[in-house]
Amino acid sequence: MEPLEMWAGLECTLNRVGERYIDQSEKNGHNKRLSDLKLFADLNVKKIRYPCLWELVAPDDLDHFDWSYMDERLGEIKRLGITPIAGFLHHGSGPRYTNLLDPDFPTKLASYARAFATRYPWIEDFTPVNEILTTARFSCLYGHWYPHARDHSSFVKAVFNQVKGTILAMRAIREIIPGARLIQTDDLGRAQSTEPLKYQVDFENERRWLGWDLLCGKTNKDHHMAWYLRGGMQDEDFDWIINNPCPPDVIGVNHYHLSNRFLDHRMELYPEWAHGGNGIDKYADLGAVDTGQSELLDPESVLMETWERYYIPIAVTEVHTMGHRDAQMRWLYQMWNAAKKARALGADIKAITPWSLLGTYDWHKLCTICEMFYEPGVYDLRSSDKKPRQTGLSSLITELSTNGDSKHPILQTPGWWQTPRRILWASKTGAFSPLWPKDKHRPIVITGATGTLGQAFARICGARNIPYSLLRRTDMDIADKDSVLKVLTRINPWAVINTAGYVNVDAAESDSDKCFRENVQGATNLAAACAEQNIAFITFSSDLVFDGTSAIPYLESDKVSPLNVYGRSKAESETRVMEVNDKALIIRTSSFFGPWDKHNFVINTLRLLASNTEVTALNDSIITPTYIPDLVNATLDLLLDGENGIVHLTNKGEVSWADFARIAAETAKCKFELDPALIIGKSIEEMNLKAKRPRNSTLGSERFEILPSLEDAINRYFNQLEIHPQN
C-alpha cells in the first residue's frame with residue numbers, strides 16, 4: 001500500500017441565506033490574494049480541494065461564463081505543481097437561476113461541469129457537490145440555507161437532485177476527460193441514544209449513508225430507506241438511480257467532534273437550545289462529545305464502517321476543530337493516526353486533509369449570519385497586514401507528511417475531547433479516566449508561582465491539558481545562572497514561560513539593583529539556558545519601555561525610551577534576551593486584569609466603590625488594558641506556532657486609567673450596586689507618583705491582532721469573575 005498522503009483544503013462555503021450569498025473566500029480575502037497558493041504549495045501536500053464554484057463563474061446564466069478568476073488561480077496551481085480537486089458547489093444551492101429543488105438543477109450543474117472540463121482538461125479530480133447529505137439537511141430539512149425548506153420530502157428531493165447532478169456532471173466531464181475521478185465527500189458520524197430513542201438512532205444511522213448509497217446504486221426498492229425515499233422520489237427516480245450508478249473513486253469522509261450525535265429523552269438534563277424531536281417524541285439532540293451519557297467513539301471506527309460498507313478507497317477530506325492551537329494539533333494528529341490504524345486493519349485510506357487552510361468565519365452559527373467570528377486554521381489571518389501567518393499546524397503537516405509521525409510534546413497528552421473536562425451536561429460518575437499525570441510528560445516550566453500571571457498560566461495550562469511545572473523562587477533562582485541550569489536539566493521542559501520578576505513600578509525607583517537583578521539578569525539567564533538546551537522561551541515586557549510622546553499606539557519596531565527604572569529594566573531585558581537567544585518570544589503587554597486574581601486595578605476599584613470610597617485614577621495616562629485569559633491563551637498559541645521576537649499583545653481599546661475604572665464600574669453597577677460618580681480623575685502631576693508615567697503607552701501591533709476588543713473582555717470579566725468586590 002502506498003504511504004498515507006497529506007492533502008489540504010480551504011473552507012470555501014458559498015451559501016445563500018434569503019437573498020444574500022455568504023462567501024468564505026470573500027471573508028478570508030483569498031479571492032484577492034493569489035500569493036496564498038504559493039503558501040499552500042510550500043506545505044508539500046499532494047492535493048488541494050479547491051473551489052471552482054459555479055456561482056462565481058456563471059452567476060447569471062449558462063450562456064455567459066467569466067473564466068478570468070479561474071484562469072488565474074488554476075493556472076498558478078498548475079504552475080506550482082499542486083494537484084487540484086475541483087469543487088463546483090460547496091454548501092451552496094447554485095446561482096440564482098436554480099436551487100436544490102429545481103427539477104432542472106441536475107442538467108444545469110452538468111452543463112457547468114462540461115464547460116469547466118472543456119476549459120481545464122488537465123484537471124482529473126472532482127467533487128461536483130460537497131457533502132450532498134449535509135447540504136440537503138441544512139437547506140431543505142432544517143431551513144438554515146436557501147431554499148429554506150423544512151420537510152422530509154424537500155430533503156429527499158434535494159438529495160436526489162444533487163446525486164443526479166453529480167452523476168450527470170461526471171458523465172459530462174468524462175466525455176472530455178475519460179480518466180476523471182469522483183471524490184465524493186460528506187460529513188459522517190454515528191448517533192447514539194437512550195433506549196427509548198433507539199428507533200430514531202437506527203433511522204439516522206441508516207440515513208447518513210444515503211448520498212453514497214445512491215451514487216453506488218445500492219438504493220433500490222428493497223433498500224432499508226426505500227420507504228423514506230418515496231416521500232420525495234418517484235418510481236422513475238428510483239429506476240434512473242438504479243440504472244445510472246456512479247460510484248465514487250474515493251469516498252471523502254469529513255469527521256468532526258460534533259459529527260457523532262446523542263439523543264436523550266430526558267430533556268431536563270440539557271439546555272433548551274438542544275431540545276427537539278421527530279414529531280413523535282421530544283428529545284435533546286447534541287454532540288455526543290458534550291454529554292457524559294455517551295460512549296466515546298474512535299475516529300477509526302467510522303472509517304472502518306465506511307470501508308466495510310463500500311470497499312472503495314477512502315480519504316479523510318476535512319480535519320478541523322474549533323479551539324486553541326494545542327486542540328487543533330492534537331485533533332489533526334489523532335486523525336492521522338486513526339487513518340493509519342484503519343489502514344492496518346485493511347482499509348484503503350489514501351489521505352487525510354487538514355481543512356480550513358485559512359480558517360473559517362461564522363461556522364459557530366452555521367454561516368447564517370455575518371458576525372465575522374473567526375477560527376484560525378493552518379494559517380491565521382489575524383495579522384496587521386492581513387496576510388496569512390503559519391500556525392503550529394503548518395509545521396505539523398510538514399512533519400507528518402515527511403516523517404509519518406511527530407514527537408512534539410503537546411501531542412503526547414490527550415485533547416479536551418478525551419478528558420472529563422469535555423462533559424458539559426449530564427455527567428456520569430466514573431465514566432472517564434482522569435487526566436494523564438503531568439509527571440510522565442515533558443512539561444512547560446512556568447516561573448513566578450506566586451504572581452498573577454504565573455498563576456493564570458498554571459490554571460489555563462491545566463484547562464488545556466498541557467503539563468506544566470510551576471516554580472517558586474525557592475525552587476529556582478532565575479538570577480542565579482547555576483540554579484537555572486541545574487533545575488532545567490532536572491525537569492527537562494520543552495518550553496519555559498517566564499512570568500517572574502520585579503513588578504512594583506514605584507518601589508523600583510529606590511530599589512533599582514533588585515529590579516535589574518530580577519528583570520534583566522533573571523530573564524537573560526533563562527534565555528541563555530534555553531538557547532543552550534534547545535528549549536522554547538517566552539518572557540514578558542511592558543508598555544513602560546516607551547516615553548509616551550507618541551500620539552498613536554506604539555508598534556513593535558518603535559524606539560524604546562523608558563521614563564522610569566522599571567521601564568529601563570524591561571528595555572534592557574529585551575535587548576539582553578535577544579542577544580543570547582534570537583529564538584526567544586518577548587510579549588509586551590499592559591495593565592492586565594483577570595477574573596481570578598485578588599489584586600488588580602479593576603477589582604481594587606470595585607472594592608473601593610463597594611465600600612463607598614472615592615477612587616482616584618490618572619485621567620491623562622492612556623493605556624491598552626489586557627484581559628489575562630486572552631493574554632495567556634494567545635501566548636500559548638504563539639508558543640505552539642513557533643513565533644519569536646517582540647510581540648505586542650493587548651485587547652483592542654485605548655482608555656485612560658480613570659475611564660477604565662468608569663467603564664468597569666458602569667458595567668458592574670447593576671450587579672454590585674456601585675456608584676461610578678465616586679471615580680475621580682487626576683493628572684500625573686496631581687497623583688505625585690514616585691516613578692514617571694508616560695502620557696500615552698498604548699500598544700498596537702504591526703505583527704498580530706489576535707486579542708478581542710476591550711469591551712468584549714470586560715463583559716467576559718464580569719461573567720467569569722470569581723471574586724466578590726465586597727470580600
# chains A, B, ... in the order shown; residues from 1 in each chain; ligands from 1
>>> select_by_dssp(residues="segment 583-694 of chain A", states="helix (DSSP H, G or I)", output="JSON, numbers by chain")
{"A": [601, 602, 603, 604, 605, 606, 607, 608, 609, 610, 628, 629, 630, 631, 632, 633, 634, 635, 636, 637, 638, 639, 640, 641, 657, 658, 659, 660, 661, 662, 663, 664, 665, 666, 667, 668, 669, 670, 671, 672, 676, 677, 678, 684, 685, 686, 687]}
>>> write_last_selection(atoms="N, CA and C atoms", output="compact mmCIF listing (two decimals), in the first residue's frame")
# COMPACT_ATOMS: atom_id res chain seq x y z
N PHE A 601 -6.19 46.35 39.06
CA PHE A 601 -6.81 47.67 39.06
C PHE A 601 -8.33 47.60 39.09
N VAL A 602 -8.91 46.68 38.34
CA VAL A 602 -10.37 46.60 38.26
C VAL A 602 -10.97 46.16 39.58
N ILE A 603 -10.48 45.06 40.15
CA ILE A 603 -11.09 44.55 41.39
C ILE A 603 -10.82 45.51 42.54
N ASN A 604 -9.65 46.17 42.56
CA ASN A 604 -9.39 47.16 43.60
C ASN A 604 -10.34 48.34 43.50
N THR A 605 -10.62 48.74 42.26
CA THR A 605 -11.59 49.82 42.04
C THR A 605 -12.97 49.42 42.55
N LEU A 606 -13.39 48.22 42.21
CA LEU A 606 -14.71 47.76 42.63
C LEU A 606 -14.81 47.64 44.14
N ARG A 607 -13.71 47.21 44.79
CA ARG A 607 -13.73 47.09 46.25
C ARG A 607 -13.95 48.46 46.91
N LEU A 608 -13.24 49.44 46.41
CA LEU A 608 -13.38 50.78 46.99
C LEU A 608 -14.78 51.33 46.76
N LEU A 609 -15.29 51.14 45.55
CA LEU A 609 -16.64 51.64 45.26
C LEU A 609 -17.69 50.91 46.09
N ALA A 610 -17.48 49.62 46.31
CA ALA A 610 -18.44 48.84 47.10
C ALA A 610 -18.50 49.33 48.54
N ILE A 628 -6.33 38.93 31.18
CA ILE A 628 -5.34 37.86 31.39
C ILE A 628 -5.69 36.55 30.66
N PRO A 629 -6.94 36.05 30.72
CA PRO A 629 -7.21 34.81 29.97
C PRO A 629 -6.91 34.94 28.48
N ASP A 630 -7.22 36.10 27.89
CA ASP A 630 -6.90 36.30 26.48
C ASP A 630 -5.39 36.31 26.26
N LEU A 631 -4.68 37.01 27.12
CA LEU A 631 -3.23 37.09 27.01
C LEU A 631 -2.57 35.72 27.13
N VAL A 632 -2.98 34.94 28.11
CA VAL A 632 -2.36 33.64 28.34
C VAL A 632 -2.67 32.67 27.20
N ASN A 633 -3.93 32.60 26.79
CA ASN A 633 -4.29 31.69 25.70
C ASN A 633 -3.58 32.06 24.40
N ALA A 634 -3.51 33.35 24.10
CA ALA A 634 -2.82 33.77 22.88
C ALA A 634 -1.33 33.47 22.96
N THR A 635 -0.74 33.67 24.12
CA THR A 635 0.69 33.38 24.29
C THR A 635 0.98 31.90 24.07
N LEU A 636 0.14 31.04 24.62
CA LEU A 636 0.34 29.60 24.42
C LEU A 636 0.19 29.23 22.95
N ASP A 637 -0.76 29.84 22.26
CA ASP A 637 -0.91 29.58 20.82
C ASP A 637 0.34 30.02 20.06
N LEU A 638 0.86 31.20 20.39
CA LEU A 638 2.06 31.68 19.70
C LEU A 638 3.26 30.79 20.00
N LEU A 639 3.32 30.27 21.22
CA LEU A 639 4.38 29.31 21.56
C LEU A 639 4.31 28.10 20.63
N LEU A 640 3.11 27.55 20.45
CA LEU A 640 2.94 26.38 19.60
C LEU A 640 3.16 26.71 18.12
N ASP A 641 2.95 27.97 17.76
CA ASP A 641 3.19 28.39 16.38
C ASP A 641 4.67 28.61 16.10
N TRP A 657 -6.64 55.59 32.61
CA TRP A 657 -6.89 54.79 33.81
C TRP A 657 -8.23 55.16 34.44
N ALA A 658 -8.54 56.44 34.45
CA ALA A 658 -9.81 56.87 35.05
C ALA A 658 -11.00 56.35 34.25
N ASP A 659 -10.90 56.43 32.93
CA ASP A 659 -12.01 55.93 32.11
C ASP A 659 -12.12 54.41 32.18
N PHE A 660 -11.00 53.75 32.32
CA PHE A 660 -11.02 52.30 32.50
C PHE A 660 -11.81 51.95 33.77
N ALA A 661 -11.54 52.70 34.84
CA ALA A 661 -12.29 52.49 36.09
C ALA A 661 -13.78 52.75 35.89
N ARG A 662 -14.11 53.81 35.15
CA ARG A 662 -15.52 54.15 34.94
C ARG A 662 -16.23 53.09 34.11
N ILE A 663 -15.55 52.58 33.08
CA ILE A 663 -16.16 51.54 32.24
C ILE A 663 -16.44 50.30 33.08
N ALA A 664 -15.48 49.91 33.90
CA ALA A 664 -15.67 48.75 34.76
C ALA A 664 -16.82 48.97 35.73
N ALA A 665 -16.87 50.16 36.31
CA ALA A 665 -17.93 50.46 37.28
C ALA A 665 -19.29 50.50 36.62
N GLU A 666 -19.39 51.10 35.44
CA GLU A 666 -20.68 51.15 34.74
C GLU A 666 -21.15 49.75 34.38
N THR A 667 -20.22 48.91 33.97
CA THR A 667 -20.59 47.53 33.61
C THR A 667 -21.05 46.75 34.84
N ALA A 668 -20.45 47.08 35.99
CA ALA A 668 -20.71 46.28 37.20
C ALA A 668 -21.79 46.85 38.10
N LYS A 669 -22.24 48.09 37.85
CA LYS A 669 -23.05 48.77 38.87
C LYS A 669 -24.39 48.08 39.13
N CYS A 670 -24.98 47.48 38.11
CA CYS A 670 -26.25 46.78 38.33
C CYS A 670 -26.04 45.51 39.14
N LYS A 671 -24.92 44.87 38.91
CA LYS A 671 -24.64 43.60 39.59
C LYS A 671 -24.22 43.82 41.04
N PHE A 672 -23.45 44.89 41.27
CA PHE A 672 -22.88 45.10 42.60
C PHE A 672 -23.36 46.39 43.28
N PRO A 676 -20.45 54.92 40.02
CA PRO A 676 -19.30 55.37 39.23
C PRO A 676 -18.91 56.82 39.49
N ALA A 677 -19.83 57.60 40.07
CA ALA A 677 -19.52 59.01 40.33
C ALA A 677 -18.42 59.18 41.36
N LEU A 678 -18.10 58.11 42.09
CA LEU A 678 -17.04 58.18 43.09
C LEU A 678 -15.65 58.10 42.48
N ILE A 684 -1.21 63.28 36.04
CA ILE A 684 0.01 62.64 36.51
C ILE A 684 0.68 63.50 37.58
N GLU A 685 0.66 64.82 37.36
CA GLU A 685 1.29 65.72 38.33
C GLU A 685 0.56 65.68 39.67
N GLU A 686 -0.77 65.66 39.60
CA GLU A 686 -1.57 65.65 40.83
C GLU A 686 -1.37 64.36 41.63
N MET A 687 -1.16 63.26 40.95
CA MET A 687 -1.01 61.98 41.65
C MET A 687 0.34 61.88 42.36
>>> residues_around(residues="Gly211 of chain A", least_positions_apart="6", cutoff="7 Å", atoms="only C-alpha atoms", output="list in words")
Ile132, Leu133, Val159 and Val163 of chain A
>>> residues_around(residues="Thr194 of chain A", least_positions_apart="4", cutoff="8 Å", atoms="only C-alpha atoms", output="list in words")
Lys198, Leu263, Asp264 and His265 of chain A
>>> write_last_selection(atoms="N, CA and C atoms", output="PDB file, in the first residue's frame")
ATOM      1  N   LYS A 198     -33.991   4.460  20.559  1.00  0.00           N
ATOM      2  CA  LYS A 198     -33.183   3.590  19.718  1.00  0.00           C
ATOM      3  C   LYS A 198     -33.717   3.549  18.285  1.00  0.00           C
ATOM      4  N   LEU A 263     -28.887  11.375  21.328  1.00  0.00           N
ATOM      5  CA  LEU A 263     -30.292  11.734  21.522  1.00  0.00           C
ATOM      6  C   LEU A 263     -30.723  11.240  22.899  1.00  0.00           C
ATOM      7  N   ASP A 264     -31.349  12.127  23.676  1.00  0.00           N
ATOM      8  CA  ASP A 264     -31.712  11.789  25.051  1.00  0.00           C
ATOM      9  C   ASP A 264     -33.133  12.269  25.322  1.00  0.00           C
ATOM     10  N   HIS A 265     -34.001  11.334  25.752  1.00  0.00           N
ATOM     11  CA  HIS A 265     -35.394  11.702  26.012  1.00  0.00           C
ATOM     12  C   HIS A 265     -35.537  12.524  27.295  1.00  0.00           C
TER      13      HIS A 265
END
>>> residues_around(residues="Met6 of chain A", least_positions_apart="2", cutoff="12 Å", atoms="only C-alpha atoms", output="PDB file with N, CA, C and O atoms, in the first residue's frame")
ATOM      1  N   PRO A   3       2.206   5.069   0.766  1.00  0.00           N
ATOM      2  CA  PRO A   3       2.189   5.814   2.035  1.00  0.00           C
ATOM      3  C   PRO A   3       0.945   6.694   2.148  1.00  0.00           C
ATOM      4  O   PRO A   3       0.391   7.169   1.144  1.00  0.00           O
ATOM      5  N   LEU A   4       0.516   6.914   3.369  1.00  0.00           N
ATOM      6  CA  LEU A   4      -0.602   7.806   3.631  1.00  0.00           C
ATOM      7  C   LEU A   4      -0.222   9.217   3.197  1.00  0.00           C
ATOM      8  O   LEU A   4       0.847   9.723   3.544  1.00  0.00           O
ATOM      9  N   ALA A   8      -4.906  18.923   1.364  1.00  0.00           N
ATOM     10  CA  ALA A   8      -5.285  20.152   2.075  1.00  0.00           C
ATOM     11  C   ALA A   8      -6.526  20.738   1.423  1.00  0.00           C
ATOM     12  O   ALA A   8      -6.887  20.380   0.293  1.00  0.00           O
ATOM     13  N   GLY A   9      -7.167  21.618   2.133  1.00  0.00           N
ATOM     14  CA  GLY A   9      -8.355  22.272   1.595  1.00  0.00           C
ATOM     15  C   GLY A   9      -8.636  23.556   2.341  1.00  0.00           C
ATOM     16  O   GLY A   9      -8.230  23.727   3.487  1.00  0.00           O
ATOM     17  N   PHE A  40       0.364  27.527   0.121  1.00  0.00           N
ATOM     18  CA  PHE A  40      -0.208  26.180   0.155  1.00  0.00           C
ATOM     19  C   PHE A  40       0.751  25.166  -0.463  1.00  0.00           C
ATOM     20  O   PHE A  40       0.921  24.053   0.048  1.00  0.00           O
ATOM     21  N   ALA A  41       1.385  25.570  -1.557  1.00  0.00           N
ATOM     22  CA  ALA A  41       2.327  24.661  -2.225  1.00  0.00           C
ATOM     23  C   ALA A  41       3.513  24.347  -1.316  1.00  0.00           C
ATOM     24  O   ALA A  41       4.048  23.228  -1.328  1.00  0.00           O
ATOM     25  N   LEU A  43       3.531  23.775   1.711  1.00  0.00           N
ATOM     26  CA  LEU A  43       3.204  22.751   2.699  1.00  0.00           C
ATOM     27  C   LEU A  43       3.571  21.351   2.204  1.00  0.00           C
ATOM     28  O   LEU A  43       3.533  20.387   2.965  1.00  0.00           O
ATOM     29  N   ASN A  44       3.843  21.250   0.903  1.00  0.00           N
ATOM     30  CA  ASN A  44       4.238  19.971   0.306  1.00  0.00           C
ATOM     31  C   ASN A  44       3.133  18.920   0.397  1.00  0.00           C
ATOM     32  O   ASN A  44       3.391  17.740   0.606  1.00  0.00           O
ATOM     33  N   VAL A  45       1.868  19.385   0.264  1.00  0.00           N
ATOM     34  CA  VAL A  45       0.747  18.448   0.249  1.00  0.00           C
ATOM     35  C   VAL A  45       0.575  17.912  -1.173  1.00  0.00           C
ATOM     36  O   VAL A  45       1.003  18.534  -2.145  1.00  0.00           O
ATOM     37  N   LYS A  46      -0.052  16.742  -1.277  1.00  0.00           N
ATOM     38  CA  LYS A  46      -0.187  16.103  -2.585  1.00  0.00           C
ATOM     39  C   LYS A  46      -1.318  16.709  -3.414  1.00  0.00           C
ATOM     40  O   LYS A  46      -1.203  16.864  -4.625  1.00  0.00           O
ATOM     41  N   LYS A  47      -2.449  16.999  -2.750  1.00  0.00           N
ATOM     42  CA  LYS A  47      -3.611  17.525  -3.463  1.00  0.00           C
ATOM     43  C   LYS A  47      -4.248  18.623  -2.634  1.00  0.00           C
ATOM     44  O   LYS A  47      -4.088  18.669  -1.416  1.00  0.00           O
ATOM     45  N   ILE A  48      -5.009  19.472  -3.316  1.00  0.00           N
ATOM     46  CA  ILE A  48      -5.738  20.512  -2.622  1.00  0.00           C
ATOM     47  C   ILE A  48      -7.177  20.555  -3.132  1.00  0.00           C
ATOM     48  O   ILE A  48      -7.414  20.556  -4.347  1.00  0.00           O
ATOM     49  N   ARG A  49      -8.120  20.512  -2.213  1.00  0.00           N
ATOM     50  CA  ARG A  49      -9.523  20.714  -2.576  1.00  0.00           C
ATOM     51  C   ARG A  49      -9.705  22.200  -2.842  1.00  0.00           C
ATOM     52  O   ARG A  49      -9.569  23.028  -1.943  1.00  0.00           O
ATOM     53  N   THR A  83      -1.871  19.340  -7.295  1.00  0.00           N
ATOM     54  CA  THR A  83      -2.972  18.621  -7.937  1.00  0.00           C
ATOM     55  C   THR A  83      -4.289  19.088  -7.330  1.00  0.00           C
ATOM     56  O   THR A  83      -4.548  18.854  -6.148  1.00  0.00           O
ATOM     57  N   ALA A 315     -10.635   8.791   1.686  1.00  0.00           N
ATOM     58  CA  ALA A 315      -9.771   9.870   2.184  1.00  0.00           C
ATOM     59  C   ALA A 315     -10.549  10.620   3.257  1.00  0.00           C
ATOM     60  O   ALA A 315     -11.757  10.787   3.149  1.00  0.00           O
ATOM     61  N   VAL A 316      -9.854  11.005   4.294  1.00  0.00           N
ATOM     62  CA  VAL A 316     -10.469  11.914   5.266  1.00  0.00           C
ATOM     63  C   VAL A 316     -10.316  13.310   4.673  1.00  0.00           C
ATOM     64  O   VAL A 316      -9.212  13.848   4.621  1.00  0.00           O
ATOM     65  N   THR A 317     -11.406  13.880   4.195  1.00  0.00           N
ATOM     66  CA  THR A 317     -11.319  15.078   3.357  1.00  0.00           C
ATOM     67  C   THR A 317     -11.531  16.389   4.103  1.00  0.00           C
ATOM     68  O   THR A 317     -11.448  17.454   3.500  1.00  0.00           O
ATOM     69  N   GLU A 318     -11.789  16.342   5.407  1.00  0.00           N
ATOM     70  CA  GLU A 318     -11.793  17.556   6.226  1.00  0.00           C
ATOM     71  C   GLU A 318     -11.376  17.183   7.639  1.00  0.00           C
ATOM     72  O   GLU A 318     -12.010  16.342   8.275  1.00  0.00           O
ATOM     73  N   VAL A 319     -10.300  17.823   8.120  1.00  0.00           N
ATOM     74  CA  VAL A 319      -9.863  17.651   9.505  1.00  0.00           C
ATOM     75  C   VAL A 319      -9.698  19.047  10.104  1.00  0.00           C
ATOM     76  O   VAL A 319      -8.794  19.793   9.720  1.00  0.00           O
ATOM     77  N   LEU A 332      -5.640  16.923  14.589  1.00  0.00           N
ATOM     78  CA  LEU A 332      -5.006  16.521  13.334  1.00  0.00           C
ATOM     79  C   LEU A 332      -4.170  15.259  13.543  1.00  0.00           C
ATOM     80  O   LEU A 332      -4.229  14.320  12.735  1.00  0.00           O
ATOM     81  N   TYR A 333      -3.423  15.229  14.625  1.00  0.00           N
ATOM     82  CA  TYR A 333      -2.565  14.070  14.913  1.00  0.00           C
ATOM     83  C   TYR A 333      -3.415  12.827  15.173  1.00  0.00           C
ATOM     84  O   TYR A 333      -3.080  11.729  14.700  1.00  0.00           O
ATOM     85  N   MET A 335      -6.414  12.195  13.961  1.00  0.00           N
ATOM     86  CA  MET A 335      -6.996  11.741  12.701  1.00  0.00           C
ATOM     87  C   MET A 335      -5.949  11.076  11.804  1.00  0.00           C
ATOM     88  O   MET A 335      -6.251  10.117  11.099  1.00  0.00           O
ATOM     89  N   TRP A 336      -4.731  11.591  11.832  1.00  0.00           N
ATOM     90  CA  TRP A 336      -3.636  10.951  11.081  1.00  0.00           C
ATOM     91  C   TRP A 336      -3.425   9.525  11.587  1.00  0.00           C
ATOM     92  O   TRP A 336      -3.336   8.573  10.805  1.00  0.00           O
ATOM     93  N   ALA A 339      -6.313   7.185  10.670  1.00  0.00           N
ATOM     94  CA  ALA A 339      -6.179   6.687   9.297  1.00  0.00           C
ATOM     95  C   ALA A 339      -5.153   5.559   9.230  1.00  0.00           C
ATOM     96  O   ALA A 339      -5.355   4.544   8.547  1.00  0.00           O
ATOM     97  N   ILE A 349      -7.088   3.599   2.992  1.00  0.00           N
ATOM     98  CA  ILE A 349      -7.190   5.026   3.312  1.00  0.00           C
ATOM     99  C   ILE A 349      -6.080   5.748   2.563  1.00  0.00           C
ATOM    100  O   ILE A 349      -4.890   5.481   2.778  1.00  0.00           O
ATOM    101  N   LYS A 350      -6.458   6.666   1.697  1.00  0.00           N
ATOM    102  CA  LYS A 350      -5.488   7.329   0.831  1.00  0.00           C
ATOM    103  C   LYS A 350      -4.804   8.516   1.501  1.00  0.00           C
ATOM    104  O   LYS A 350      -3.608   8.746   1.293  1.00  0.00           O
ATOM    105  N   ALA A 351      -5.572   9.315   2.257  1.00  0.00           N
ATOM    106  CA  ALA A 351      -5.027  10.590   2.720  1.00  0.00           C
ATOM    107  C   ALA A 351      -5.879  11.142   3.848  1.00  0.00           C
ATOM    108  O   ALA A 351      -7.012  10.711   4.067  1.00  0.00           O
ATOM    109  N   ILE A 352      -5.308  12.105   4.568  1.00  0.00           N
ATOM    110  CA  ILE A 352      -6.128  12.975   5.400  1.00  0.00           C
ATOM    111  C   ILE A 352      -5.920  14.400   4.916  1.00  0.00           C
ATOM    112  O   ILE A 352      -4.894  14.719   4.296  1.00  0.00           O
ATOM    113  N   THR A 353      -6.883  15.263   5.212  1.00  0.00           N
ATOM    114  CA  THR A 353      -6.910  16.597   4.625  1.00  0.00           C
ATOM    115  C   THR A 353      -7.076  17.659   5.703  1.00  0.00           C
ATOM    116  O   THR A 353      -8.196  17.893   6.183  1.00  0.00           O
ATOM    117  N   PRO A 354      -5.992  18.287   6.146  1.00  0.00           N
ATOM    118  CA  PRO A 354      -6.161  19.443   7.019  1.00  0.00           C
ATOM    119  C   PRO A 354      -7.044  20.475   6.319  1.00  0.00           C
ATOM    120  O   PRO A 354      -6.723  20.958   5.234  1.00  0.00           O
ATOM    121  N   TRP A 355      -8.167  20.729   6.927  1.00  0.00           N
ATOM    122  CA  TRP A 355      -9.159  21.608   6.304  1.00  0.00           C
ATOM    123  C   TRP A 355      -8.944  23.016   6.826  1.00  0.00           C
ATOM    124  O   TRP A 355      -8.185  23.257   7.756  1.00  0.00           O
ATOM    125  N   SER A 394       0.936  24.148  10.552  1.00  0.00           N
ATOM    126  CA  SER A 394       1.753  24.121   9.337  1.00  0.00           C
ATOM    127  C   SER A 394       2.963  23.207   9.496  1.00  0.00           C
ATOM    128  O   SER A 394       3.224  22.342   8.652  1.00  0.00           O
ATOM    129  N   LEU A 396       3.363  20.920  11.733  1.00  0.00           N
ATOM    130  CA  LEU A 396       2.915  19.551  11.998  1.00  0.00           C
ATOM    131  C   LEU A 396       2.565  18.836  10.693  1.00  0.00           C
ATOM    132  O   LEU A 396       2.900  17.656  10.511  1.00  0.00           O
ATOM    133  N   ILE A 397       1.907  19.529   9.782  1.00  0.00           N
ATOM    134  CA  ILE A 397       1.572  18.943   8.477  1.00  0.00           C
ATOM    135  C   ILE A 397       2.841  18.515   7.750  1.00  0.00           C
ATOM    136  O   ILE A 397       2.944  17.398   7.224  1.00  0.00           O
ATOM    137  N   THR A 398       3.807  19.407   7.726  1.00  0.00           N
ATOM    138  CA  THR A 398       5.067  19.095   7.040  1.00  0.00           C
ATOM    139  C   THR A 398       5.768  17.913   7.693  1.00  0.00           C
ATOM    140  O   THR A 398       6.290  17.017   7.018  1.00  0.00           O
ATOM    141  N   GLU A 399       5.758  17.895   9.023  1.00  0.00           N
ATOM    142  CA  GLU A 399       6.429  16.821   9.753  1.00  0.00           C
ATOM    143  C   GLU A 399       5.750  15.474   9.498  1.00  0.00           C
ATOM    144  O   GLU A 399       6.414  14.463   9.237  1.00  0.00           O
ATOM    145  N   LEU A 400       4.430  15.444   9.553  1.00  0.00           N
ATOM    146  CA  LEU A 400       3.708  14.189   9.341  1.00  0.00           C
ATOM    147  C   LEU A 400       3.870  13.696   7.905  1.00  0.00           C
ATOM    148  O   LEU A 400       4.050  12.498   7.664  1.00  0.00           O
ATOM    149  N   SER A 401       3.764  14.613   6.948  1.00  0.00           N
ATOM    150  CA  SER A 401       3.867  14.191   5.549  1.00  0.00           C
ATOM    151  C   SER A 401       5.285  13.768   5.186  1.00  0.00           C
ATOM    152  O   SER A 401       5.485  12.947   4.287  1.00  0.00           O
ATOM    153  N   THR A 402       6.275  14.276   5.909  1.00  0.00           N
ATOM    154  CA  THR A 402       7.670  13.933   5.626  1.00  0.00           C
ATOM    155  C   THR A 402       8.126  12.703   6.406  1.00  0.00           C
ATOM    156  O   THR A 402       8.745  11.787   5.852  1.00  0.00           O
ATOM    157  N   ASN A 403       7.809  12.681   7.712  1.00  0.00           N
ATOM    158  CA  ASN A 403       8.328  11.629   8.596  1.00  0.00           C
ATOM    159  C   ASN A 403       7.293  10.576   8.977  1.00  0.00           C
ATOM    160  O   ASN A 403       7.648   9.532   9.537  1.00  0.00           O
ATOM    161  N   GLY A 404       6.013  10.885   8.752  1.00  0.00           N
ATOM    162  CA  GLY A 404       4.963   9.941   9.108  1.00  0.00           C
ATOM    163  C   GLY A 404       4.558   9.989  10.564  1.00  0.00           C
ATOM    164  O   GLY A 404       3.630   9.296  10.986  1.00  0.00           O
TER     165      GLY A 404
END
>>> atom_distance(atom1="atom CA of Arg261 of chain A", atom2="atom CA of His91 of chain A")
20.8 Å
>>> closest_residue(among="A:Gly642, A:Pro106, A:Gly277, A:Gly501", to="Thr450 of chain A", atoms="only C-alpha atoms")
A:Gly501
>>> residues_around(residues="Ile586 of chain A", least_positions_apart="2", cutoff="7 Å", atoms="only C-alpha atoms", output="NGL selection string")
:A and (538-541 or 584 or 588 or 645-647)
>>> residues_around(residues="Gln521 of chain A", least_positions_apart="3", cutoff="9 Å", atoms="only C-alpha atoms", output="list in words")
Ile478, Ala479, Asp480, Lys481, Phe516, Arg517, Glu518, Thr524, Asn525, Leu526, Ser573 and Arg576 of chain A
>>> atom_distance(atom1="atom CA of Cys367 of chain A", atom2="atom CA of Trp209 of chain A")
24.3 Å
>>> closest_residue(among="A:Tyr627, A:Tyr120, A:Phe537, A:Trp145", to="Ile587 of chain A", atoms="only C-alpha atoms")
A:Phe537
>>> closest_atom_pairs(of="segment 127-146 of chain A", to="segment 249-257 of chain A", cutoff="10 Å", atoms="only C-alpha atoms", output="JSON lines")
{"residue": "A:Thr127", "atom": "CA", "partner": "A:Gly252", "partner_atom": "CA", "distance": 9.4}
{"residue": "A:Asn130", "atom": "CA", "partner": "A:Gly252", "partner_atom": "CA", "distance": 9.4}
{"residue": "A:Glu131", "atom": "CA", "partner": "A:Asn254", "partner_atom": "CA", "distance": 8.5}
